[in-house]
$ cat protein_4.cif   # mmCIF, C-alpha atoms
data_data
loop_
_atom_site.label_atom_id
_atom_site.label_comp_id
_atom_site.auth_asym_id
_atom_site.auth_seq_id
_atom_site.Cartn_x
_atom_site.Cartn_y
_atom_site.Cartn_z
CA MET C 1 -30.37 -20.14 -11.12
CA PHE C 2 -27.54 -21.73 -9.10
CA THR C 3 -25.92 -22.95 -12.30
CA VAL C 4 -26.08 -19.46 -13.78
CA ILE C 5 -24.52 -17.90 -10.67
CA GLY C 6 -21.80 -20.53 -10.61
CA THR C 7 -21.08 -20.04 -14.30
CA ILE C 8 -20.77 -16.26 -13.89
CA SER C 9 -18.51 -16.62 -10.83
CA LEU C 10 -16.25 -19.10 -12.61
CA ALA C 11 -16.11 -16.92 -15.72
CA ILE C 12 -15.02 -13.94 -13.59
CA TRP C 13 -12.26 -15.96 -11.97
CA ILE C 14 -11.04 -17.26 -15.32
CA TYR C 15 -10.90 -13.67 -16.54
CA LEU C 16 -9.02 -12.57 -13.42
CA ALA C 17 -6.58 -15.44 -13.80
CA VAL C 18 -5.74 -14.96 -17.47
CA ALA C 19 -6.61 -11.42 -18.53
CA HIS C 20 -6.36 -9.02 -15.57
CA GLY C 21 -2.71 -8.10 -15.83
CA GLY C 22 -1.49 -11.24 -14.06
CA PHE C 23 -1.97 -9.28 -10.83
CA TRP C 24 -1.77 -12.44 -8.73
CA GLN C 25 1.66 -13.55 -9.97
CA ALA C 26 3.51 -12.16 -6.99
CA ARG C 27 6.98 -13.41 -7.85
CA LYS C 28 6.91 -11.64 -11.20
CA PHE C 29 6.61 -8.29 -9.44
CA MET C 30 9.45 -8.74 -6.99
CA LEU C 31 12.11 -6.04 -7.02
CA PRO C 32 14.89 -7.37 -9.30
CA GLU C 33 17.92 -8.51 -7.34
CA GLY C 34 21.53 -8.13 -8.33
CA GLU C 35 24.57 -6.27 -7.23
CA GLY C 36 25.21 -4.29 -10.40
CA GLU C 37 27.21 -1.09 -10.34
CA PRO C 38 26.27 1.47 -7.68
CA HIS C 39 24.58 4.52 -9.16
CA ALA C 40 26.12 7.83 -8.10
CA VAL C 41 22.85 9.48 -7.13
CA ARG C 42 21.72 11.46 -4.13
CA VAL C 43 18.58 10.45 -2.32
CA ALA C 44 16.68 12.65 0.13
CA ALA C 45 14.50 10.45 2.33
CA VAL C 46 11.45 12.22 3.78
CA VAL C 47 9.77 10.59 6.78
CA PRO C 48 6.62 12.12 8.32
CA ALA C 49 6.42 10.97 11.95
CA ARG C 50 3.62 11.56 14.42
CA ASP C 51 4.01 9.76 17.77
CA GLU C 52 6.27 7.08 16.31
CA ALA C 53 8.77 6.67 19.16
CA VAL C 54 8.16 2.91 19.29
CA VAL C 55 9.26 2.28 15.71
CA VAL C 56 11.20 5.29 14.44
CA ALA C 57 14.65 4.19 15.67
CA ARG C 58 14.65 1.10 13.46
CA CYS C 59 13.48 3.14 10.48
CA VAL C 60 16.17 5.78 10.97
CA THR C 61 18.90 3.20 11.52
CA SER C 62 17.93 1.26 8.40
CA LEU C 63 17.97 4.38 6.23
CA LEU C 64 21.21 5.84 7.53
CA SER C 65 22.93 2.45 7.24
CA GLN C 66 22.28 2.08 3.51
CA LYS C 67 25.33 1.25 1.45
CA ASP C 68 26.09 2.42 -2.10
CA VAL C 69 23.45 5.16 -1.77
CA GLU C 70 24.24 8.75 -0.85
CA LEU C 71 21.31 9.45 1.46
CA GLU C 72 20.20 12.31 3.65
CA LEU C 73 17.23 11.86 5.95
CA PHE C 74 14.64 14.55 6.65
CA LEU C 75 12.34 13.53 9.46
CA VAL C 76 9.33 15.76 10.06
CA ASP C 77 8.18 15.56 13.67
CA ASP C 78 4.46 16.11 13.19
CA ASN C 79 3.64 17.56 16.62
CA SER C 80 4.49 14.33 18.44
CA THR C 81 3.97 14.00 22.18
CA ASP C 82 6.04 10.86 22.78
CA GLY C 83 9.59 12.06 22.10
CA THR C 84 9.75 10.84 18.50
CA ALA C 85 12.40 13.42 17.51
CA GLU C 86 14.68 12.55 20.42
CA VAL C 87 14.49 8.85 19.65
CA ALA C 88 15.33 9.55 16.00
CA ARG C 89 18.35 11.66 16.93
CA GLY C 90 19.54 8.96 19.31
CA ALA C 91 19.33 6.34 16.57
CA ALA C 92 21.33 8.56 14.20
CA ARG C 93 24.01 9.07 16.84
CA ALA C 94 24.19 5.36 17.51
CA CYS C 95 25.03 4.58 13.90
CA GLY C 96 27.45 7.50 13.56
CA ALA C 97 25.36 9.40 11.02
CA GLU C 98 23.87 12.28 13.00
CA ALA C 99 25.12 14.78 10.40
CA ARG C 100 22.90 13.18 7.75
CA LEU C 101 19.71 13.53 9.77
CA THR C 102 17.67 16.71 9.74
CA VAL C 103 14.75 16.83 12.15
CA ILE C 104 12.09 19.35 11.20
CA GLN C 105 9.59 20.49 13.79
CA GLY C 106 6.34 20.34 11.90
CA SER C 107 4.07 23.35 11.68
CA PRO C 108 0.44 23.10 12.82
CA LEU C 109 -1.76 21.36 10.28
CA ALA C 110 -2.72 23.73 7.45
CA ALA C 111 -6.33 23.92 6.32
CA GLY C 112 -7.16 21.69 3.37
CA TRP C 113 -4.31 19.25 3.95
CA SER C 114 -4.21 15.73 5.34
CA GLY C 115 -1.75 15.41 8.21
CA LYS C 116 0.74 13.07 6.55
CA LEU C 117 0.87 15.10 3.35
CA TRP C 118 1.35 18.38 5.20
CA ALA C 119 4.32 16.83 6.99
CA ALA C 120 5.68 15.38 3.74
CA GLN C 121 5.37 18.78 2.07
CA GLN C 122 7.55 20.35 4.75
CA GLY C 123 10.13 17.59 4.39
CA VAL C 124 10.25 17.89 0.61
CA ALA C 125 10.59 21.69 0.86
CA ALA C 126 13.57 21.32 3.19
CA ALA C 127 15.19 18.59 1.09
CA THR C 128 14.82 20.41 -2.22
CA GLY C 129 17.72 22.71 -1.37
CA ARG C 130 20.07 19.70 -1.38
CA ARG C 131 19.21 19.11 -5.06
CA PRO C 132 18.72 15.34 -4.76
CA ASP C 133 18.32 13.05 -7.73
CA PHE C 134 15.42 11.30 -6.01
CA PHE C 135 13.09 11.82 -3.09
CA LEU C 136 12.29 8.73 -1.06
CA LEU C 137 8.89 9.16 0.57
CA THR C 138 8.63 6.56 3.29
CA ASP C 139 6.94 5.91 6.62
CA ALA C 140 8.35 5.82 10.13
CA ASP C 141 7.34 2.17 10.57
CA ILE C 142 9.35 0.86 7.60
CA GLU C 143 12.65 -0.95 8.14
CA HIS C 144 14.57 -0.85 4.88
CA SER C 145 16.67 -3.76 3.71
CA GLY C 146 20.36 -3.04 3.32
CA ALA C 147 20.30 -3.82 -0.41
CA GLU C 148 16.82 -3.02 -1.67
CA LEU C 149 17.03 0.75 -1.73
CA LYS C 150 20.14 0.51 -3.88
CA GLU C 151 18.29 -1.92 -6.15
CA LEU C 152 15.24 0.34 -6.35
CA VAL C 153 17.46 3.30 -7.27
CA ALA C 154 19.21 1.17 -9.91
CA LEU C 155 15.87 0.09 -11.38
CA ALA C 156 14.60 3.68 -11.53
CA ALA C 157 17.84 4.92 -13.07
CA ASP C 158 18.22 2.09 -15.61
CA GLU C 159 14.57 2.08 -16.67
CA ARG C 160 14.25 5.89 -16.51
CA LEU C 161 11.31 5.64 -14.16
CA ASP C 162 9.79 8.77 -12.69
CA VAL C 163 8.20 7.02 -9.74
CA ALA C 164 9.04 3.56 -8.42
CA SER C 165 7.26 2.14 -5.41
CA LEU C 166 7.61 -0.96 -3.27
CA MET C 167 4.76 -2.72 -1.51
CA VAL C 168 6.81 -3.61 1.55
CA ARG C 169 6.33 -6.90 3.37
CA LEU C 170 3.67 -6.11 5.96
CA TYR C 171 3.69 -7.48 9.48
CA CYS C 172 2.06 -10.91 9.38
CA THR C 173 2.31 -12.95 12.57
CA SER C 174 -1.02 -13.12 14.42
CA VAL C 175 -4.05 -15.11 13.26
CA ALA C 176 -5.79 -11.89 12.20
CA GLU C 177 -2.75 -10.77 10.19
CA ARG C 178 -2.37 -14.15 8.51
CA MET C 179 -5.99 -14.13 7.41
CA LEU C 180 -6.19 -10.49 6.34
CA ILE C 181 -2.80 -9.05 5.39
CA PRO C 182 -2.09 -11.21 2.32
CA ALA C 183 -5.69 -10.56 1.28
CA PHE C 184 -5.09 -6.81 1.60
CA VAL C 185 -2.19 -7.03 -0.86
CA PHE C 186 -4.21 -9.32 -3.15
CA PHE C 187 -7.13 -6.88 -3.29
CA PHE C 188 -4.74 -3.95 -3.78
CA PHE C 189 -2.99 -5.59 -6.73
CA LYS C 190 -6.36 -6.53 -8.23
CA LEU C 191 -7.30 -2.83 -8.20
CA TYR C 192 -3.84 -1.71 -9.37
CA PRO C 193 -2.20 -4.50 -11.41
CA PRO C 194 1.54 -3.74 -11.44
CA ARG C 195 1.87 -4.75 -15.09
CA TRP C 196 -0.77 -2.19 -16.07
CA ILE C 197 0.88 0.49 -13.93
CA SER C 198 4.09 0.03 -15.93
CA ASP C 199 2.20 0.22 -19.23
CA ALA C 200 2.26 3.78 -20.55
CA LYS C 201 -0.80 3.01 -22.71
CA ARG C 202 -2.99 2.29 -19.68
CA LYS C 203 -4.38 4.88 -17.32
CA VAL C 204 -4.02 2.66 -14.23
CA ALA C 205 -1.55 4.11 -11.74
CA GLY C 206 -0.79 3.11 -8.19
CA ALA C 207 1.87 3.17 -5.52
CA ALA C 208 2.38 1.94 -1.98
CA GLY C 209 2.95 4.80 0.45
CA GLY C 210 5.48 2.97 2.60
CA CYS C 211 8.19 3.29 -0.04
CA ILE C 212 7.97 5.70 -2.98
CA LEU C 213 11.04 6.78 -4.94
CA ILE C 214 10.27 9.79 -7.13
CA ARG C 215 12.29 12.19 -9.23
CA PRO C 216 12.02 15.83 -8.06
CA GLU C 217 11.32 17.06 -11.59
CA ALA C 218 8.52 14.49 -11.98
CA LEU C 219 7.03 15.56 -8.66
CA GLU C 220 7.16 19.21 -9.70
CA LYS C 221 5.61 18.46 -13.10
CA ALA C 222 2.78 16.57 -11.40
CA GLY C 223 1.99 19.59 -9.22
CA GLY C 224 4.02 18.65 -6.17
CA ILE C 225 2.67 17.25 -2.93
CA GLU C 226 0.15 20.08 -3.00
CA ALA C 227 -1.61 18.44 -5.97
CA VAL C 228 -2.74 15.56 -3.73
CA ARG C 229 -2.95 17.46 -0.45
CA ARG C 230 -6.57 16.45 0.25
CA GLU C 231 -6.23 12.81 -0.79
CA VAL C 232 -6.74 10.03 1.73
CA ILE C 233 -5.30 7.40 -0.62
CA ASP C 234 -2.42 9.75 -1.30
CA ASP C 235 0.08 7.21 -2.63
CA CYS C 236 -2.08 6.13 -5.56
CA ALA C 237 -3.18 9.72 -6.19
CA LEU C 238 0.46 10.80 -6.43
CA ALA C 239 1.29 7.99 -8.87
CA GLN C 240 -1.76 8.95 -10.92
CA ALA C 241 -0.65 12.58 -11.04
CA VAL C 242 2.83 11.57 -12.20
CA LYS C 243 1.50 9.22 -14.88
CA GLN C 244 -1.05 11.76 -16.13
CA SER C 245 1.74 14.29 -16.53
CA GLY C 246 3.65 11.90 -18.79
CA GLY C 247 5.80 10.14 -16.22
CA ARG C 248 6.69 6.45 -16.07
CA ALA C 249 5.63 4.42 -13.05
CA TRP C 250 6.49 1.05 -11.50
CA LEU C 251 5.11 -0.87 -8.54
CA GLY C 252 6.53 -4.07 -7.13
CA LEU C 253 6.94 -6.27 -4.10
CA ALA C 254 9.79 -5.91 -1.66
CA GLY C 255 11.93 -8.85 -0.70
CA GLU C 256 12.98 -7.97 2.83
CA THR C 257 12.04 -4.32 3.36
CA HIS C 258 9.17 -4.58 5.79
CA SER C 259 6.76 -2.82 8.10
CA ILE C 260 7.45 -3.12 11.80
CA ARG C 261 4.00 -1.94 12.83
CA PRO C 262 1.84 -4.89 13.92
CA TYR C 263 -1.92 -5.02 13.49
CA GLU C 264 -2.39 -7.97 15.79
CA THR C 265 -6.16 -8.06 16.17
CA PHE C 266 -9.12 -8.08 13.82
CA ALA C 267 -10.22 -4.77 15.33
CA GLU C 268 -6.90 -3.07 14.56
CA ILE C 269 -6.93 -4.26 10.96
CA GLY C 270 -10.57 -3.23 10.65
CA ARG C 271 -9.69 0.32 11.73
CA MET C 272 -6.83 0.40 9.24
CA ILE C 273 -9.14 -0.59 6.38
CA SER C 274 -11.89 1.79 7.52
CA ARG C 275 -9.62 4.80 7.11
CA SER C 276 -9.78 4.68 3.31
CA ALA C 277 -12.21 2.02 2.06
CA PHE C 278 -15.21 4.30 1.48
CA ASN C 279 -12.96 6.97 0.00
CA GLN C 280 -11.89 4.35 -2.57
CA LEU C 281 -15.58 4.10 -3.51
CA GLN C 282 -15.78 7.89 -3.96
CA HIS C 283 -18.20 8.12 -0.99
CA SER C 284 -20.93 6.63 -3.18
CA ALA C 285 -23.70 4.55 -1.61
CA ALA C 286 -24.43 3.13 -5.07
CA LEU C 287 -20.83 2.00 -5.52
CA LEU C 288 -20.91 0.56 -2.00
CA ALA C 289 -23.93 -1.56 -2.91
CA LEU C 290 -22.38 -2.62 -6.23
CA SER C 291 -19.12 -3.56 -4.54
CA PHE C 292 -20.99 -5.74 -2.04
CA MET C 293 -22.81 -7.46 -4.89
CA GLY C 294 -19.54 -7.98 -6.74
CA MET C 295 -17.68 -9.28 -3.70
CA THR C 296 -20.53 -11.69 -2.97
CA LEU C 297 -20.56 -13.02 -6.51
CA ILE C 298 -16.78 -13.31 -6.78
CA TYR C 299 -15.75 -14.52 -3.32
CA LEU C 300 -18.79 -15.87 -1.50
CA ALA C 301 -20.88 -17.52 -4.21
CA PRO C 302 -18.32 -20.30 -4.89
CA VAL C 303 -18.51 -21.37 -1.25
CA LEU C 304 -22.27 -20.93 -0.84
CA LEU C 305 -22.94 -22.97 -3.98
CA LEU C 306 -21.45 -26.00 -2.26
CA PHE C 307 -24.52 -26.04 -0.04
CA SER C 308 -27.01 -25.69 -2.87
CA ARG C 309 -29.11 -28.59 -4.11
CA SER C 310 -27.89 -28.01 -7.63
CA LEU C 311 -25.11 -30.40 -8.66
CA PRO C 312 -24.08 -28.27 -11.69
CA GLY C 313 -24.08 -25.19 -9.46
CA ALA C 314 -21.94 -26.93 -6.84
CA ILE C 315 -19.50 -28.11 -9.51
CA MET C 316 -19.18 -24.58 -10.84
CA GLY C 317 -18.69 -23.32 -7.28
CA VAL C 318 -15.89 -25.81 -6.62
CA ALA C 319 -14.20 -24.90 -9.90
CA ALA C 320 -14.42 -21.17 -9.14
CA TRP C 321 -13.06 -21.66 -5.61
CA LEU C 322 -10.11 -23.70 -6.92
CA VAL C 323 -9.21 -20.98 -9.43
CA MET C 324 -9.51 -18.46 -6.57
CA VAL C 325 -7.16 -20.53 -4.41
CA ALA C 326 -4.68 -20.91 -7.27
CA CYS C 327 -4.63 -17.12 -7.78
CA TYR C 328 -4.26 -16.36 -4.09
CA LEU C 329 -1.61 -18.98 -3.34
CA PRO C 330 1.41 -16.99 -4.64
CA LEU C 331 0.76 -14.19 -2.13
CA VAL C 332 0.16 -16.68 0.67
CA ARG C 333 3.54 -18.19 -0.16
CA TYR C 334 5.11 -14.72 -0.37
CA TYR C 335 4.08 -14.26 3.25
CA ARG C 336 5.62 -17.65 4.08
CA LEU C 337 2.34 -19.17 5.19
CA PRO C 338 1.09 -22.75 4.70
CA ALA C 339 -0.86 -23.29 1.49
CA LEU C 340 -4.10 -24.00 3.37
CA TRP C 341 -4.37 -20.29 4.18
CA ALA C 342 -5.25 -19.78 0.51
CA PHE C 343 -8.67 -21.29 1.21
CA THR C 344 -9.51 -18.50 3.67
CA LEU C 345 -9.88 -15.76 1.06
CA PRO C 346 -13.72 -15.88 1.12
CA ALA C 347 -13.66 -15.32 4.90
CA ALA C 348 -11.26 -12.41 4.43
CA ALA C 349 -13.61 -10.95 1.82
CA VAL C 350 -16.49 -11.02 4.32
CA PHE C 351 -14.32 -9.13 6.82
CA TYR C 352 -13.34 -6.52 4.23
CA MET C 353 -16.98 -6.03 3.27
CA GLY C 354 -17.80 -5.36 6.92
CA ALA C 355 -14.86 -2.97 7.28
CA THR C 356 -15.95 -1.12 4.13
CA PHE C 357 -19.46 -0.69 5.52
CA HIS C 358 -17.93 0.56 8.78
CA SER C 359 -15.85 3.00 6.74
CA ALA C 360 -19.03 4.35 5.14
CA MET C 361 -20.68 4.73 8.53
CA LYS C 362 -17.67 6.62 9.87
CA TYR C 363 -17.75 8.94 6.87
CA TRP C 364 -21.46 9.63 7.20
CA ARG C 365 -20.90 10.45 10.88
CA GLY C 366 -18.20 12.98 9.99
CA LYS C 367 -15.26 10.84 11.14
CA GLY C 368 -13.96 9.49 7.85
CA GLY C 369 -10.25 8.72 7.56
CA GLU C 370 -9.73 9.05 11.31
CA TRP C 371 -6.09 8.50 12.20
CA LYS C 372 -4.13 9.55 15.29
CA GLY C 373 -6.76 11.99 16.43
CA ARG C 374 -7.34 13.61 13.05
CA VAL C 375 -10.36 13.29 10.76
CA GLN C 376 -8.86 13.29 7.26
CA ASP C 377 -11.92 12.42 5.17
CA PRO C 378 -14.78 14.47 6.65
CA SER C 379 -18.30 14.24 5.25
CA ARG C 380 -19.45 17.56 3.83
CA SER C 381 -22.90 16.93 5.26
CA ALA C 382 -21.64 16.14 8.78
#

$ encode --input "protein_4.cif" --output "structure tokens"
Amino acid sequence: MFTVIGTISLAIWIYLAVAHGGFWQARKFMLPEGEGEPHAVRVAAVVPARDEAVVVARCVTSLLSQKDVELELFLVDDNSTDGTAEVARGAARACGAEARLTVIQGSPLAAGWSGKLWAAQQGVAAATGRRPDFFLLTDADIEHSGAELKELVALAADERLDVASLMVRLYCTSVAERMLIPAFVFFFFKLYPPRWISDAKRKVAGAAGGCILIRPEALEKAGGIEAVRREVIDDCALAQAVKQSGGRAWLGLAGETHSIRPYETFAEIGRMISRSAFNQLQHSAALLALSFMGMTLIYLAPVLLLFSRSLPGAIMGVAAWLVMVACYLPLVRYYRLPALWAFTLPAAAVFYMGATFHSAMKYWRGKGGEWKGRVQDPSRSA
């Protein structure tokens, strides 16, 4: 039996390594660098912000300091209580670009909308009158590199992309972040291989909500923000809507554009995962059970087989674990961590399984998708 389990686990990892869109080859999905010629396009950046006073100044400054991009910033103050709007205006004044910042006082949350999307809808509505070539949908905790927005615009313009998204470099300093943040990106890319997203023949579509560049006409054709207004995993839902309507999509890794929001403890990261994990499984107990079985076979079996009394099983387990490490290493290196962190992926998988179960429990208790005082994924039976 141990030999059979080991053989299946190794076979899965060989498939993932050679036939699953090369999802693990992080460097191949980096945003292409290069000066090139600036593209004369107008970008309207829309930033929903709810109680983001701690981080919003750096976000605003980074956006209004972009070079070779004609950018206007529309910040939607989503009923903040910490002075987010004032901090944003102060940052715009400090970099001499107050005229390019529009602060919108968000309306109370409309029924049937998630909070972030309702704020984004108001920002997009205000920005549409400026007739931009692109909307940039981004978060208040993202600090944009001085060159990468220009490069993303150039990529979208040159490749005629309808939606281009960057998985920004997430905060990764504490022990919890080092163990779990690269794993988060690894699991995400396994679900949404960037190469498959770019392939018009495949249905797979995904985006990273921290940085989405989208053409207004593509957004309108996909049904607008309203088309995904109830979605918890709104970034991927938006990319799916664009691709289903005939649009071209791209997802890649940022070089220096990064999140400035830390998740320093295991508990904080667990809450972040719990917001959407069970939604990803379509609120299905059956899919939850199947995912646990799959995660056990893929990530845990190679380690557990080392303690079996079956030499062939142990050999298969070692081989599977080494392929796992080889696949995970590029993302570990992307996060500038020592190679030994690549061996911790099974432990990270255990944590994610626990967080997914917690996500299911929250949903069944009527508190699914809880974020900043709002329940965004309520159970219908709660």

$ atom_distance --input "protein_4.cif" --atom1 "CA of Asn279 (chain C)" --atom2 "CA of Met353 (chain C)"
14.0 Å

$ closest_atom_pairs --input "protein_4.cif" --of "region 5-70 of chain C" --to "region 115-128 of chain C" --cutoff "9 Å" --atoms "only C-alpha atoms" --output "JSON lines"
{"residue": "C:Ala44", "atom": "CA", "partner": "C:Ala127", "partner_atom": "CA", "distance": 6.2}
{"residue": "C:Ala45", "atom": "CA", "partner": "C:Ala127", "partner_atom": "CA", "distance": 8.3}
{"residue": "C:Val46", "atom": "CA", "partner": "C:Gly123", "partner_atom": "CA", "distance": 5.6}
{"residue": "C:Val47", "atom": "CA", "partner": "C:Ala120", "partner_atom": "CA", "distance": 7.0}
{"residue": "C:Pro48", "atom": "CA", "partner": "C:Ala119", "partner_atom": "CA", "distance": 5.4}
{"residue": "C:Ala49", "atom": "CA", "partner": "C:Ala119", "partner_atom": "CA", "distance": 8.0}
{"residue": "C:Arg50", "atom": "CA", "partner": "C:Lys116", "partner_atom": "CA", "distance": 8.5}

$ axis_aligned_box --input "protein_4.cif" --around "region 8-13 of chain C" --padding-each-side "8 Å" --output "JSON"
{"center_x": -16.5, "center_y": -16.5, "center_z": -13.3, "size_x": 24.5, "size_y": 21.2, "size_z": 20.9}

$ closest_residue --input "protein_4.cif" --among "C:Gly206, C:Pro312, C:Gly146, C:Gly247" --to "Met1 (chain C)" --atoms "all atoms listed in the file"
C:Pro312

$ resolve_selection --input "protein_4.cif" --expression "the PyMOL selection byres ((chain C and resi 360) around 10)" --output "VMD selection string"
chain C and resid 274 to 279 281 283 to 285 288 354 to 359 361 to 368 379

$ resolve_selection --input "protein_4.cif" --expression "the PyMOL selection byres ((chain C and resi 200) around 9)" --output "list in words"
Trp196, Ile197, Ser198, Asp199, Lys201, Arg202, Lys203, Val204, Lys243, Gly246, Gly247, Arg248 and Ala249 of chain C

$ write_last_selection --input "protein_4.cif" --atoms "C-alpha atoms" --output "compact mmCIF listing (two decimals), in the coordinates of the input"
# COMPACT_ATOMS: atom_id res chain seq x y z
CA TRP C 196 -0.77 -2.19 -16.07
CA ILE C 197 0.88 0.49 -13.93
CA SER C 198 4.09 0.03 -15.93
CA ASP C 199 2.20 0.22 -19.23
CA LYS C 201 -0.80 3.01 -22.71
CA ARG C 202 -2.99 2.29 -19.68
CA LYS C 203 -4.38 4.88 -17.32
CA VAL C 204 -4.02 2.66 -14.23
CA LYS C 243 1.50 9.22 -14.88
CA GLY C 246 3.65 11.90 -18.79
CA GLY C 247 5.80 10.14 -16.22
CA ARG C 248 6.69 6.45 -16.07
CA ALA C 249 5.63 4.42 -13.05

$ resolve_selection --input "protein_4.cif" --expression "the PyMOL selection byres ((chain C and resi 324) around 9)" --output "PyMOL selection string"
chain C and resi 13-14+17+298-299+319-323+325-329+342-343+345

$ atom_distance --input "protein_4.cif" --atom1 "CA of Ile214 (chain C)" --atom2 "CA of Phe187 (chain C)"
24.4 Å

$ residues_around --input "protein_4.cif" --residues "Cys95 (chain C)" --least-positions-apart "2" --cutoff "8 Å" --atoms "all atoms listed in the file" --output "list in words"
Thr61, Leu64, Ser65, Ala91, Ala92, Arg93, Ala97 and Glu98 of chain C

$ atom_distance --input "protein_4.cif" --atom1 "CA of Val60 (chain C)" --atom2 "CA of Ala88 (chain C)"
6.3 Å

$ decode --input "protein_4.cif" --residues "region 188-199 of chain C" --atoms "N, CA, C and O atoms" --output "short mmCIF file (atom, residue, chain, number, x, y, z; two decimals), in the first residue's frame"
data_model
loop_
_atom_site.label_atom_id
_atom_site.label_comp_id
_atom_site.auth_asym_id
_atom_site.auth_seq_id
_atom_site.Cartn_x
_atom_site.Cartn_y
_atom_site.Cartn_z
N PHE C 188 -1.58 29.60 -5.44
CA PHE C 188 -2.37 30.44 -6.35
C PHE C 188 -2.01 30.15 -7.80
O PHE C 188 -2.88 29.95 -8.66
N PHE C 189 -0.71 30.10 -8.09
CA PHE C 189 -0.28 29.85 -9.47
C PHE C 189 -0.59 28.42 -9.89
O PHE C 189 -0.77 28.15 -11.08
N LYS C 190 -0.66 27.49 -8.94
CA LYS C 190 -1.05 26.13 -9.29
C LYS C 190 -2.52 26.10 -9.73
O LYS C 190 -2.90 25.38 -10.66
N LEU C 191 -3.36 26.89 -9.06
CA LEU C 191 -4.77 26.99 -9.46
C LEU C 191 -4.95 27.77 -10.75
O LEU C 191 -5.82 27.44 -11.57
N TYR C 192 -4.12 28.81 -10.94
CA TYR C 192 -4.25 29.70 -12.09
C TYR C 192 -2.89 29.84 -12.78
O TYR C 192 -2.23 30.87 -12.65
N PRO C 193 -2.44 28.82 -13.50
CA PRO C 193 -1.14 28.92 -14.17
C PRO C 193 -1.10 30.10 -15.14
O PRO C 193 -1.95 30.19 -16.04
N PRO C 194 -0.16 31.01 -14.97
CA PRO C 194 -0.12 32.19 -15.84
C PRO C 194 -0.06 31.87 -17.33
O PRO C 194 -0.66 32.58 -18.14
N ARG C 195 0.64 30.79 -17.68
CA ARG C 195 0.73 30.44 -19.10
C ARG C 195 -0.64 30.06 -19.65
O ARG C 195 -0.97 30.38 -20.80
N TRP C 196 -1.46 29.41 -18.85
CA TRP C 196 -2.79 29.02 -19.30
C TRP C 196 -3.72 30.23 -19.35
O TRP C 196 -4.61 30.30 -20.19
N ILE C 197 -3.50 31.19 -18.45
CA ILE C 197 -4.31 32.41 -18.46
C ILE C 197 -4.11 33.16 -19.77
O ILE C 197 -5.05 33.72 -20.35
N SER C 198 -2.87 33.17 -20.27
CA SER C 198 -2.55 33.89 -21.50
C SER C 198 -2.99 33.15 -22.75
O SER C 198 -2.99 33.73 -23.84
N ASP C 199 -3.36 31.89 -22.59
CA ASP C 199 -3.75 31.05 -23.73
C ASP C 199 -5.25 31.22 -24.01
O ASP C 199 -6.09 30.81 -23.20
#
